[in-house]
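J.: Dumping the structure here so I can ask a few things about it.
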Amino acid sequence: MTVKTMPRRDFLKNLGMIGGSGLLMTSFPWLQTLSASNQKELEGEKARIAIIGTGSRGKFHINNLLQIPNADIVALCDDYKPHLDEAAALCPKAKLYSDYRDVLSSSEVQGVLIAVPLYEHARITIDSLLAGKHVFCEKSMAKTLDECKAMYETYKQSGKVLFIGQQRLFDPKYIKALDMVHSGQLGEIVGLRNFWYRNNDWRRPVPDPSLEEKINWRLYRKYSCGLMTELATHQLQIGTWALKALPDYVMGSGDLIFWKDDNRDVYDSVSVIYHYPNGVKMTFDSIISNKKYGMDEQILGHKGTLELAQGRYFPEEPKPAPGIQQLVNQIEHKIFDNVSFAGPSWVPETASNTKGELVIDHVQTHDGSNTTGAAGDGSEELVAAFCSSVITGKPVPYLVEEAYYSSVLALLGLQAMDEHRIVEFPEEYKIPYNFMNV
Amino acid sequence: MKEIKITVGRQKTELKIFCVCFVCAFILNIVSIIVYQTEWKELYSQLFWVLAFACLMYGLTIVGRVLFYLIKTLFKGHH
């Protein structure tokens, strides 16, 4: 994994750095949980959290929670003992469980952080909300559209807090970039391109063949929807975030083209197009047998382009070079250029290799090859916000709605690929959410 | 091998010539900012280029002076 580190800094300071924080909190209301005034209210308070699922992502969250003063990990739960033992070594005071229902019956636990395979998200989240617990569930929300809807409805009825692990909502470079989009700096948005390329088999080591499906659940349709729910959900959220609209139809194609010999049944090559009512298209492409182009999300406006994962902005008309350099160029051209008798009839339109401008001073980037999480990607701020909400008991506006739609878009893309047809956005899966307020 | 000595007077002269070159390069930067309508902060942000221009000009003065010296020596020899 390539990590360009920046000095460790407080998220609130970074918010101050990237513009008027008050204004940002109006535009991105979920950030209010991390506001200075809210943080002051929480001084000395602790959110008592249980971790359900202590695999790689669970441990990543545990390591983040251990850095957060308002977090107290009181329980750990996993039905796979080696993972539970590893997590217990990180939190020696936590009680250990092998059945999540026992965690839910504990009055000590205020909130649960669920990092289990996708097919269990809906059941455990719904049971937890009904048991009166606040819930943080990893993305994608659920394996089917109905489960996503059921989770959303249970959340609304319960009055409890629900977070879904869409960490880009708390990543400073994404917040600044989306602020630029909404302020019109990019002009009219004319396209969105998402891609995630890797070159590995996406497989984890298995100590015993009987554990293959338990450990490599991502590779089997019984437990996962593959690239769409594991990778695309992160990126598809950018569409609703930037365009403040839902696509009207989806089309795509998915195949197993390279990793064919290991019994997996999820696609290893997907291309999906989301069509919005104004004609703008958002694409998602993923291949896991070539990593040349890595991972990024690109927002294309008629005045400029954003590369979100790199935190860079490329104006269509780049800033002119400094005067003295223009003078040098002019002298150079006058001396060395050949006198042409006729202009070229065709100029190759290869991509510009300008480096663009950083959207914030200190951009922390990663190449997307890490399957667990990366430093500075918003994950720590997201779980910190969850702890704040557990203490206050106040749900955070728009978080669940954004996550709901990103999961639904991923599942609709999968449906389009599976059924080889154009899938219209089903009315029954629309929820009350006014994008224009965000 | 003959030891070359640079007198204090010569050093002062060279320094003065370089300073004149630097001032000329600085003025050139100001003219570029006005002609190409770029930002005034380039007065300090482009100092590296100004320094490079100053060195180039100083180099040209050396070449010019060496040529002048050679031609002068050639004429003296004929007489």
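A note on labels: chains of the structure tokens are A, B, ... as shown, every chain counts residues from 1, and ligands are counted from 1 in their shown order.
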Give the helix (DSSP H, G or I) residues of chain B, as assigned by DSSP on the backbone, as a VMD selection string.

T.: chain B and resid 8 to 36 42 to 45 47 to 78

J.: Extract, using only C-alpha atoms, all DNA, RNA and protein residues at most 8 Å from region 165-180 of chain A, discarding same-chain residues fewer than 2 positions from it, and format them as number ranges by chain.

T.: A: 11, 14-15, 18, 24, 27-28, 31, 136-140, 163, 182-186, 234, 241-242, 306, 308-309, 311, 359-360, 363, 376-379, 381-382, 403

J.: Which chain A residues are at most 9 Å from chain B (counting only C-alpha atoms), as an mmCIF file with N, CA and C atoms, in the first residue's frame?

T.:
data_model
loop_
_atom_site.group_PDB
_atom_site.id
_atom_site.type_symbol
_atom_site.label_atom_id
_atom_site.label_comp_id
_atom_site.auth_asym_id
_atom_site.auth_seq_id
_atom_site.Cartn_x
_atom_site.Cartn_y
_atom_site.Cartn_z
ATOM 1 N N PRO A 320 -2.129 30.574 -16.095
ATOM 2 C CA PRO A 320 -0.960 30.804 -16.956
ATOM 3 C C PRO A 320 0.350 30.718 -16.162
ATOM 4 N N ALA A 321 1.406 30.360 -16.860
ATOM 5 C CA ALA A 321 2.727 30.280 -16.217
ATOM 6 C C ALA A 321 3.140 31.682 -15.780
ATOM 7 N N PRO A 322 4.047 31.796 -14.797
ATOM 8 C CA PRO A 322 4.523 33.119 -14.390
ATOM 9 C C PRO A 322 5.093 33.895 -15.578
ATOM 10 N N GLY A 323 4.971 35.226 -15.517
ATOM 11 C CA GLY A 323 5.368 36.098 -16.621
ATOM 12 C C GLY A 323 6.762 35.818 -17.147
ATOM 13 N N ILE A 324 7.733 35.709 -16.249
ATOM 14 C CA ILE A 324 9.122 35.548 -16.680
ATOM 15 C C ILE A 324 9.321 34.213 -17.417
ATOM 16 N N GLN A 325 8.553 33.195 -17.000
ATOM 17 C CA GLN A 325 8.652 31.903 -17.685
ATOM 18 C C GLN A 325 8.006 31.978 -19.064
ATOM 19 N N GLN A 326 6.918 32.759 -19.169
ATOM 20 C CA GLN A 326 6.293 32.949 -20.481
ATOM 21 C C GLN A 326 7.275 33.658 -21.420
ATOM 22 N N LEU A 327 8.019 34.613 -20.865
ATOM 23 C CA LEU A 327 9.004 35.348 -21.661
ATOM 24 C C LEU A 327 10.078 34.386 -22.196
#

J.: Which neighbours of region 287-292 of chain A fall inside 7 Å, counting only C-alpha atoms, when residues of the same chain fewer than 4 positions from it are skipped, and could you give them as a list in words?

T.: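 After dropping sequence-adjacent residues, the list is Trp196, Tyr197, Arg198, Asn199, Asn200, Phe258, Asp268, Ser269 and Val270 of chain A.
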
J.: Those residues with N, CA and C atoms, as a compact mmCIF listing (two decimals), in the first residue's frame please?

T.:
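And here's result.txt as it stands now:
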# COMPACT_ATOMS: atom_id res chain seq x y z
N TRP A 196 -11.79 1.19 -9.85
CA TRP A 196 -11.02 0.54 -8.78
C TRP A 196 -10.33 -0.68 -9.39
N TYR A 197 -9.04 -0.53 -9.63
CA TYR A 197 -8.27 -1.62 -10.25
C TYR A 197 -7.25 -2.17 -9.25
N ARG A 198 -7.19 -3.49 -9.19
CA ARG A 198 -6.21 -4.18 -8.34
C ARG A 198 -5.64 -5.33 -9.14
N ASN A 199 -4.53 -5.83 -8.66
CA ASN A 199 -4.05 -7.06 -9.29
C ASN A 199 -3.71 -8.06 -8.19
N ASN A 200 -4.76 -8.60 -7.61
CA ASN A 200 -4.57 -9.69 -6.65
C ASN A 200 -5.84 -10.53 -6.60
N PHE A 258 -10.67 -13.66 -15.15
CA PHE A 258 -9.28 -14.04 -14.87
C PHE A 258 -9.14 -15.04 -13.73
N ASP A 268 -15.09 -10.73 -11.48
CA ASP A 268 -13.80 -10.06 -11.24
C ASP A 268 -13.57 -8.94 -12.24
N SER A 269 -14.57 -8.65 -13.05
CA SER A 269 -14.49 -7.55 -14.00
C SER A 269 -15.89 -6.98 -14.19
N VAL A 270 -16.07 -5.72 -13.82
CA VAL A 270 -17.42 -5.12 -13.94
C VAL A 270 -17.33 -3.72 -14.55

J.: To one decimal place in Å, what is the distance between CA of Lys149 (chain A) and CA of Tyr404 (chain A)?

T.: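 About the pair CA of Lys149 (chain A) and CA of Tyr404 (chain A): they are 8.0 Å apart.
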
J.: Between CA of Val20 (chain B) and CA of Ile331 (chain A), measure the distance and give it in Å to one decimal.

T.: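 Atom-to-atom, CA of Val20 (chain B) to CA of Ile331 (chain A), that is 21.9 Å.
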
J.: Taking only C-alpha atoms into account, name the residue in A:Lys156, A:Ile215, A:Gln67, A:Asp72 that is nearest to Val116 (chain A).

T.: A:Ile215

J.: Identify which of the residues A:Glu213, A:Glu188, A:Asp255, A:Asp265 lies closest to Leu300 (chain A), counting only C-alpha atoms when measuring atom-to-atom distances.

T.: A:Glu188

J.: Could you please determine the separation between CA of Gly254 (chain A) and CA of Thr144 (chain A) in Å, to one decimal place?

T.: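 Straight-line distance from CA of Gly254 (chain A) to CA of Thr144 (chain A) works out to 17.8 Å.
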
J.: Would you mind telling me which residue in A:Ala351, A:Met282, A:Leu113, A:Leu66 lies nearest to Val390 (chain A) when using only C-alpha atoms?

T.: A:Leu113
